[in-house]
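Chemist: Handing you this structure, nothing more for now.
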Amino acid sequence: MTNEQLQAWVEQISHDSFGLPFRHRASFNRRLRTTGGRYFMKSHDIEINPAQLEVYGKEEVERIIKHELCHYHLHLSGRGYKHGDPNFKRLLAQVGGSRYCQGLPGTAKRRVLPYRYKLTCSKCGMEYLRKRKVDPARYRCGRCAGPLRLNAL
């Protein structure tokens, strides 16, 4: 699908589902990784992730377009257009847009780093686990106020 076809599709969805025209630009953006689409408040343009179309098909992308058009029409009308606003949630349910897009295969979720450092109190032996390296001279034990030693795990 080309950007021109996407533009016509977004205009058609806007007319059919919202009864309002879409007067700005819609395009594909291959650089989008973790999102299905986005709406720009300054330019009022919409970008869609083409990988969503390739993996999940037209039905899923239509729900993403409806989601972005909810932002678009609510923002232009001066009503609450953010995800948490009641106006946005109500309009999204009315038109059948998706609240969240489906994750793309191959995009790993963010990995939570395990603890890499351990601070040990010299007096009472209390242990504090840390993900980042800290200077033990700047801190004291919370239990007994003893000095701390830094150990790598």
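Chain identifiers are assigned as A, B, and so on, following the order in which chains appear in the structure tokens; residues are numbered from 1 within each chain, and ligands are numbered from 1 in order of appearance.
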Quick one: residues within 8 Å of region 3-17 of chain A, only C-alpha atoms counted, chain neighbours fewer than 2 positions away excluded, as an NGL selection string?
Modeler: :A and (1 or 19-23 or 25-28 or 62 or 65-66 or 69 or 95)
Chemist: Within chain A, find each residue whose DSSP state, derived from the backbone, is helix (DSSP H, G or I), and express the selection as a ChimeraX atom specification.
Modeler: /A:3-18,50-56,58-77,86-95,136-138
Chemist: Quick one: DSSP strand (DSSP E or B) residues in region 8-116 of chain A, as a list in words?
Modeler: Ala26, Ser27, Phe28, Gly37, Arg38, Tyr39, Ile46, Glu47 and Ile48 of chain A
Chemist: Once you have the residues from the selection above, write them out as an mmCIF file, in the first residue's frame, restricted to all heavy atoms.
Modeler:
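Output below, filename part-v4.cif:
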```
data_model
loop_
_atom_site.group_PDB
_atom_site.id
_atom_site.type_symbol
_atom_site.label_atom_id
_atom_site.label_comp_id
_atom_site.auth_asym_id
_atom_site.auth_seq_id
_atom_site.Cartn_x
_atom_site.Cartn_y
_atom_site.Cartn_z
ATOM 1 N N ALA A 26 -1.646 11.844 5.942
ATOM 2 C CA ALA A 26 -1.428 10.535 6.559
ATOM 3 C C ALA A 26 -0.348 9.828 5.744
ATOM 4 O O ALA A 26 -0.365 9.866 4.515
ATOM 5 C CB ALA A 26 -2.705 9.716 6.570
ATOM 6 N N SER A 27 0.598 9.191 6.465
ATOM 7 C CA SER A 27 1.685 8.513 5.751
ATOM 8 C C SER A 27 2.194 7.349 6.581
ATOM 9 O O SER A 27 1.931 7.255 7.783
ATOM 10 C CB SER A 27 2.825 9.490 5.455
ATOM 11 O OG SER A 27 3.341 10.010 6.653
ATOM 12 N N PHE A 28 2.924 6.480 5.930
ATOM 13 C CA PHE A 28 3.590 5.377 6.611
ATOM 14 C C PHE A 28 4.951 5.851 7.110
ATOM 15 O O PHE A 28 5.594 6.686 6.473
ATOM 16 C CB PHE A 28 3.807 4.191 5.666
ATOM 17 C CG PHE A 28 2.553 3.417 5.376
ATOM 18 C CD1 PHE A 28 2.033 3.376 4.102
ATOM 19 C CD2 PHE A 28 1.906 2.720 6.380
ATOM 20 C CE1 PHE A 28 0.891 2.647 3.822
ATOM 21 C CE2 PHE A 28 0.760 1.990 6.119
ATOM 22 C CZ PHE A 28 0.245 1.960 4.839
ATOM 23 N N GLY A 37 0.877 3.747 15.504
ATOM 24 C CA GLY A 37 0.703 4.998 14.789
ATOM 25 C C GLY A 37 0.869 6.160 15.744
ATOM 26 O O GLY A 37 0.965 5.978 16.953
ATOM 27 N N ARG A 38 0.903 7.368 15.191
ATOM 28 C CA ARG A 38 0.981 8.546 16.050
ATOM 29 C C ARG A 38 0.358 9.744 15.350
ATOM 30 O O ARG A 38 0.333 9.826 14.130
ATOM 31 C CB ARG A 38 2.409 8.837 16.474
ATOM 32 C CG ARG A 38 3.373 9.149 15.373
ATOM 33 C CD ARG A 38 4.747 9.378 15.936
ATOM 34 N NE ARG A 38 5.721 9.483 14.857
ATOM 35 C CZ ARG A 38 7.009 9.619 15.042
ATOM 36 N NH1 ARG A 38 7.492 9.647 16.265
ATOM 37 N NH2 ARG A 38 7.836 9.714 14.030
ATOM 38 N N TYR A 39 -0.137 10.641 16.209
ATOM 39 C CA TYR A 39 -0.774 11.877 15.757
ATOM 40 C C TYR A 39 0.087 13.043 16.200
ATOM 41 O O TYR A 39 0.507 13.095 17.353
ATOM 42 C CB TYR A 39 -2.176 11.976 16.357
ATOM 43 C CG TYR A 39 -2.772 13.353 16.285
ATOM 44 C CD1 TYR A 39 -3.096 13.921 15.053
ATOM 45 C CD2 TYR A 39 -3.006 14.098 17.425
ATOM 46 C CE1 TYR A 39 -3.628 15.198 14.984
ATOM 47 C CE2 TYR A 39 -3.548 15.369 17.360
ATOM 48 C CZ TYR A 39 -3.857 15.914 16.139
ATOM 49 O OH TYR A 39 -4.372 17.170 16.066
ATOM 50 N N ILE A 46 -0.836 12.322 10.623
ATOM 51 C CA ILE A 46 -0.885 11.003 11.229
ATOM 52 C C ILE A 46 0.133 10.114 10.530
ATOM 53 O O ILE A 46 0.239 10.131 9.303
ATOM 54 C CB ILE A 46 -2.298 10.385 11.113
ATOM 55 C CG1 ILE A 46 -3.274 11.158 12.006
ATOM 56 C CG2 ILE A 46 -2.293 8.909 11.463
ATOM 57 C CD1 ILE A 46 -4.706 10.692 11.898
ATOM 58 N N GLU A 47 0.885 9.357 11.321
ATOM 59 C CA GLU A 47 1.815 8.367 10.775
ATOM 60 C C GLU A 47 1.385 6.986 11.244
ATOM 61 O O GLU A 47 0.961 6.814 12.387
ATOM 62 C CB GLU A 47 3.241 8.633 11.248
ATOM 63 C CG GLU A 47 3.872 9.840 10.615
ATOM 64 C CD GLU A 47 5.318 10.020 11.016
ATOM 65 O OE1 GLU A 47 5.756 9.406 12.015
ATOM 66 O OE2 GLU A 47 6.015 10.788 10.331
ATOM 67 N N ILE A 48 1.513 6.004 10.371
ATOM 68 C CA ILE A 48 1.128 4.629 10.650
ATOM 69 C C ILE A 48 2.334 3.724 10.438
ATOM 70 O O ILE A 48 3.105 3.911 9.507
ATOM 71 C CB ILE A 48 -0.034 4.179 9.725
ATOM 72 C CG1 ILE A 48 -1.259 5.097 9.897
ATOM 73 C CG2 ILE A 48 -0.416 2.726 9.964
ATOM 74 C CD1 ILE A 48 -1.892 5.054 11.262
#
```
Chemist: If we count only C-alpha atoms, what is near Tyr115 (chain A) at a cut-off of 6 Å, once residues fewer than 2 positions away on the same chain are taken out, given as a ChimeraX atom specification?
Modeler: /A:117,130-131
Chemist: Write a file of the selected residues as an mmCIF file, in the first residue's frame, keeping all heavy atoms.
Modeler:
```
data_model
loop_
_atom_site.group_PDB
_atom_site.id
_atom_site.type_symbol
_atom_site.label_atom_id
_atom_site.label_comp_id
_atom_site.auth_asym_id
_atom_site.auth_seq_id
_atom_site.Cartn_x
_atom_site.Cartn_y
_atom_site.Cartn_z
ATOM 1 N N TYR A 117 25.275 -4.901 41.937
ATOM 2 C CA TYR A 117 26.128 -4.486 43.047
ATOM 3 C C TYR A 117 25.431 -4.738 44.372
ATOM 4 O O TYR A 117 24.213 -4.703 44.474
ATOM 5 C CB TYR A 117 26.466 -2.987 42.927
ATOM 6 C CG TYR A 117 27.192 -2.666 41.652
ATOM 7 C CD1 TYR A 117 26.517 -2.167 40.546
ATOM 8 C CD2 TYR A 117 28.557 -2.888 41.532
ATOM 9 C CE1 TYR A 117 27.175 -1.876 39.372
ATOM 10 C CE2 TYR A 117 29.229 -2.609 40.356
ATOM 11 C CZ TYR A 117 28.533 -2.101 39.285
ATOM 12 O OH TYR A 117 29.195 -1.832 38.125
ATOM 13 N N ARG A 130 21.839 -3.119 44.502
ATOM 14 C CA ARG A 130 21.750 -1.970 43.606
ATOM 15 C C ARG A 130 21.996 -2.409 42.164
ATOM 16 O O ARG A 130 22.828 -3.279 41.904
ATOM 17 C CB ARG A 130 22.799 -0.898 43.968
ATOM 18 C CG ARG A 130 22.570 -0.266 45.313
ATOM 19 C CD ARG A 130 21.372 0.675 45.237
ATOM 20 N NE ARG A 130 21.072 1.275 46.507
ATOM 21 C CZ ARG A 130 20.126 0.856 47.350
ATOM 22 N NH1 ARG A 130 19.412 -0.182 47.050
ATOM 23 N NH2 ARG A 130 19.900 1.500 48.481
ATOM 24 N N LYS A 131 21.303 -1.759 41.243
ATOM 25 C CA LYS A 131 21.525 -2.009 39.823
ATOM 26 C C LYS A 131 22.668 -1.153 39.291
ATOM 27 O O LYS A 131 23.339 -1.535 38.352
ATOM 28 C CB LYS A 131 20.254 -1.715 39.027
ATOM 29 C CG LYS A 131 19.151 -2.707 39.325
ATOM 30 C CD LYS A 131 17.940 -2.434 38.484
ATOM 31 C CE LYS A 131 16.862 -3.444 38.799
ATOM 32 N NZ LYS A 131 15.668 -3.248 37.979
#
```
Chemist: What gap, in Å, lies between CA of Pro147 (chain A) and CA of Arg132 (chain A)?
Modeler: 18.6 Å
